[in-house]
$ cat my_file.pdb   # PDB, C-alpha atoms
ATOM      1  CA  MET A   1       0.996 -15.645  37.112
ATOM      2  CA  LEU A   2       2.048 -19.074  35.824
ATOM      3  CA  ARG A   3       0.789 -21.248  38.689
ATOM      4  CA  GLY A   4      -1.891 -23.037  36.685
ATOM      5  CA  SER A   5       0.229 -23.447  33.560
ATOM      6  CA  GLY A   6       2.661 -26.093  34.773
ATOM      7  CA  VAL A   7       5.449 -23.974  33.272
ATOM      8  CA  THR A   8       8.257 -22.426  35.307
ATOM      9  CA  THR A   9       9.356 -18.817  34.962
ATOM     10  CA  LEU A  10      12.560 -19.942  33.217
ATOM     11  CA  GLN A  11      10.595 -22.126  30.794
ATOM     12  CA  TYR A  12       8.236 -19.225  30.081
ATOM     13  CA  THR A  13      11.238 -17.011  29.379
ATOM     14  CA  ALA A  14      12.630 -19.561  26.914
ATOM     15  CA  LEU A  15       9.235 -19.776  25.183
ATOM     16  CA  THR A  16       9.116 -15.981  24.797
ATOM     17  CA  VAL A  17      12.626 -16.030  23.314
ATOM     18  CA  LEU A  18      11.473 -18.664  20.805
ATOM     19  CA  GLU A  19       8.427 -16.575  19.991
ATOM     20  CA  ARG A  20      10.747 -13.754  18.910
ATOM     21  CA  ARG A  21      13.608 -15.849  17.480
ATOM     22  CA  GLY A  22      12.351 -19.286  16.526
ATOM     23  CA  GLY A  23      14.545 -21.815  14.804
ATOM     24  CA  ILE A  24      17.635 -21.278  16.956
ATOM     25  CA  SER A  25      20.047 -23.735  18.517
ATOM     26  CA  ALA A  26      19.713 -24.873  22.114
ATOM     27  CA  ALA A  27      23.051 -23.182  22.856
ATOM     28  CA  GLN A  28      21.787 -19.859  21.507
ATOM     29  CA  LEU A  29      18.510 -20.261  23.368
ATOM     30  CA  ALA A  30      20.472 -20.884  26.598
ATOM     31  CA  ARG A  31      22.499 -17.706  26.039
ATOM     32  CA  ASP A  32      19.410 -15.644  25.210
ATOM     33  CA  SER A  33      17.558 -17.038  28.249
ATOM     34  CA  PHE A  34      20.560 -16.574  30.580
ATOM     35  CA  VAL A  35      20.758 -20.220  31.669
ATOM     36  CA  THR A  36      23.487 -22.824  31.371
ATOM     37  CA  PRO A  37      23.469 -25.248  28.443
ATOM     38  CA  GLN A  38      22.794 -28.132  30.878
ATOM     39  CA  ALA A  39      19.820 -26.321  32.417
ATOM     40  CA  MET A  40      18.528 -25.600  28.907
ATOM     41  CA  ALA A  41      18.863 -29.264  27.887
ATOM     42  CA  ASP A  42      16.721 -30.286  30.861
ATOM     43  CA  MET A  43      14.229 -27.518  30.118
ATOM     44  CA  LEU A  44      13.938 -28.476  26.466
ATOM     45  CA  ARG A  45      13.197 -32.102  27.347
ATOM     46  CA  ALA A  46      10.350 -30.958  29.611
ATOM     47  CA  LEU A  47       8.986 -28.476  27.044
ATOM     48  CA  GLU A  48       9.201 -31.044  24.258
ATOM     49  CA  GLN A  49       7.334 -33.635  26.362
ATOM     50  CA  ARG A  50       4.544 -31.076  26.817
ATOM     51  CA  GLU A  51       4.642 -30.404  23.041
ATOM     52  CA  LEU A  52       5.358 -26.707  23.597
ATOM     53  CA  ILE A  53       8.494 -26.875  21.446
ATOM     54  CA  SER A  54       9.834 -29.061  18.671
ATOM     55  CA  ARG A  55      13.349 -29.683  17.403
ATOM     56  CA  SER A  56      14.442 -30.235  13.838
ATOM     57  CA  PRO A  57      17.795 -30.741  12.105
ATOM     58  CA  ASN A  58      19.623 -27.598  11.068
ATOM     59  CA  PRO A  59      19.985 -27.719   7.272
ATOM     60  CA  ALA A  60      23.329 -25.916   7.600
ATOM     61  CA  SER A  61      24.753 -28.309  10.210
ATOM     62  CA  ARG A  62      23.586 -31.917  10.416
ATOM     63  CA  ARG A  63      24.797 -32.288  14.018
ATOM     64  CA  GLU A  64      22.757 -29.355  15.343
ATOM     65  CA  LEU A  65      19.052 -29.262  16.142
ATOM     66  CA  LEU A  66      17.018 -26.082  15.893
ATOM     67  CA  VAL A  67      14.357 -25.348  18.485
ATOM     68  CA  HIS A  68      10.916 -24.116  17.402
ATOM     69  CA  LEU A  69       7.826 -22.993  19.263
ATOM     70  CA  THR A  70       4.824 -25.219  18.482
ATOM     71  CA  GLU A  71       1.219 -24.102  18.094
ATOM     72  CA  GLU A  72       0.612 -25.413  21.628
ATOM     73  CA  GLY A  73       3.474 -23.223  22.838
ATOM     74  CA  ARG A  74       1.980 -20.223  21.036
ATOM     75  CA  ARG A  75      -1.392 -20.945  22.645
ATOM     76  CA  LEU A  76       0.181 -21.032  26.100
ATOM     77  CA  LEU A  77       1.932 -17.698  25.531
ATOM     78  CA  ALA A  78      -1.282 -16.154  24.211
ATOM     79  CA  GLU A  79      -3.183 -17.403  27.257
ATOM     80  CA  TYR A  80      -0.796 -15.569  29.602
ATOM     81  CA  ALA A  81      -0.108 -12.499  27.429
ATOM     82  CA  ASP A  82      -2.575 -10.222  29.233
ATOM     83  CA  ALA A  83      -1.307 -11.210  32.687
ATOM     84  CA  HIS A  84       2.276 -10.722  31.527
ATOM     85  CA  ALA A  85       1.459  -7.269  30.120
ATOM     86  CA  ALA A  86      -0.337  -6.293  33.346
ATOM     87  CA  ILE A  87       2.685  -7.233  35.464
ATOM     88  CA  GLU A  88       4.992  -5.312  33.148
ATOM     89  CA  GLU A  89       2.706  -2.267  33.243
ATOM     90  CA  LEU A  90       2.529  -2.390  37.051
ATOM     91  CA  MET A  91       6.302  -2.670  37.256
ATOM     92  CA  LEU A  92       6.740   0.408  35.039
ATOM     93  CA  SER A  93       3.779   2.417  36.313
ATOM     94  CA  GLY A  94       5.906   4.795  38.382
ATOM     95  CA  LEU A  95       8.094   5.762  35.425
ATOM     96  CA  SER A  96       7.495   8.516  32.907
ATOM     97  CA  ARG A  97       7.663   7.798  29.182
ATOM     98  CA  ALA A  98      11.215   9.199  29.070
ATOM     99  CA  GLU A  99      12.274   7.114  32.082
ATOM    100  CA  ARG A 100      10.833   4.008  30.442
ATOM    101  CA  ALA A 101      12.811   4.739  27.281
ATOM    102  CA  ARG A 102      16.037   5.194  29.296
ATOM    103  CA  LEU A 103      15.372   1.963  31.202
ATOM    104  CA  ARG A 104      14.794   0.054  27.941
ATOM    105  CA  SER A 105      17.979   1.507  26.468
ATOM    106  CA  SER A 106      19.990   0.636  29.586
ATOM    107  CA  LEU A 107      18.639  -2.904  29.699
ATOM    108  CA  ASP A 108      19.336  -3.406  25.984
ATOM    109  CA  GLY A 109      22.918  -2.221  26.517
ATOM    110  CA  SER A 110      23.357  -4.510  29.502
ATOM    111  CA  TRP A 111      21.981  -7.473  27.536
ATOM    112  CA  ARG A 112      24.349  -6.780  24.623
ATOM    113  CA  ALA A 113      27.299  -6.600  27.041
ATOM    114  CA  LEU A 114      26.508 -10.111  28.295
ATOM    115  CA  ARG A 115      26.372 -11.636  24.824
ATOM    116  CA  PRO A 116      29.599 -13.270  23.697
ATOM    117  CA  PRO A 117      31.324 -11.698  20.682
ATOM    118  CA  ARG A 118      30.670 -13.498  17.425
TER     119      ARG A 118
END

$ encode --input "my_file.pdb" --output "structure tokens"
Amino acid sequence: MLRGSGVTTLQYTALTVLERRGGISAAQLARDSFVTPQAMADMLRALEQRELISRSPNPASRRELLVHLTEEGRRLLAEYADAHAAIEELMLSGLSRAERARLRSSLDGSWRALRPPR
């Protein structure tokens, strides 16, 4: 799906996280994208060079930068939205509405279990 974009699957995942939860720290983005902080630092450098993300100081903590999706990043996600939806639909096509709801609930529970307590 992403071959012509120049974006990896992990980078695409991080961009979709930012689309839902922009203005978060790199550490939080790493947790939400299920990658290590070091892998996220490398990813952010690449995404920032392509102007798909930007970073700005956190007003609540001068040492922390917040990561934001840029308009170019939004354009890239919009360009691949239909292909992404088609893959998701194909993946779920054998499930009934009730099975899809149970799968979503199970995945949400699994995701919450992996998040560190606050």

$ resolve_selection --input "my_file.pdb" --expression "the PyMOL selection byres ((chain A and resi 22) around 10)" --output "MDAnalysis selection string"
chainID A and resid 15:21 23:25 29 53 66:70

$ residues_around --input "my_file.pdb" --residues "Leu65 in chain A" --least-positions-apart "5" --cutoff "12 Å" --atoms "all atoms listed in the file" --output "ChimeraX atom specification"
/A:23-29,41,44,54-60

$ atom_distance --input "my_file.pdb" --atom1 "CA of Thr36 in chain A" --atom2 "CA of Glu64 in chain A"
17.3 Å

$ residues_around --input "my_file.pdb" --residues "Glu71 in chain A" --least-positions-apart "5" --cutoff "9 Å" --atoms "all atoms listed in the file" --output "NGL selection string"
:A and (51-53 or 76)

$ closest_residue --input "my_file.pdb" --among "A:Arg31, A:Ala85, A:Gln11, A:Ala98" --to "Arg45 in chain A" --atoms "all atoms listed in the file"
A:Gln11

$ atom_distance --input "my_file.pdb" --atom1 "CA of Val7 in chain A" --atom2 "CA of Ala81 in chain A"
14.0 Å
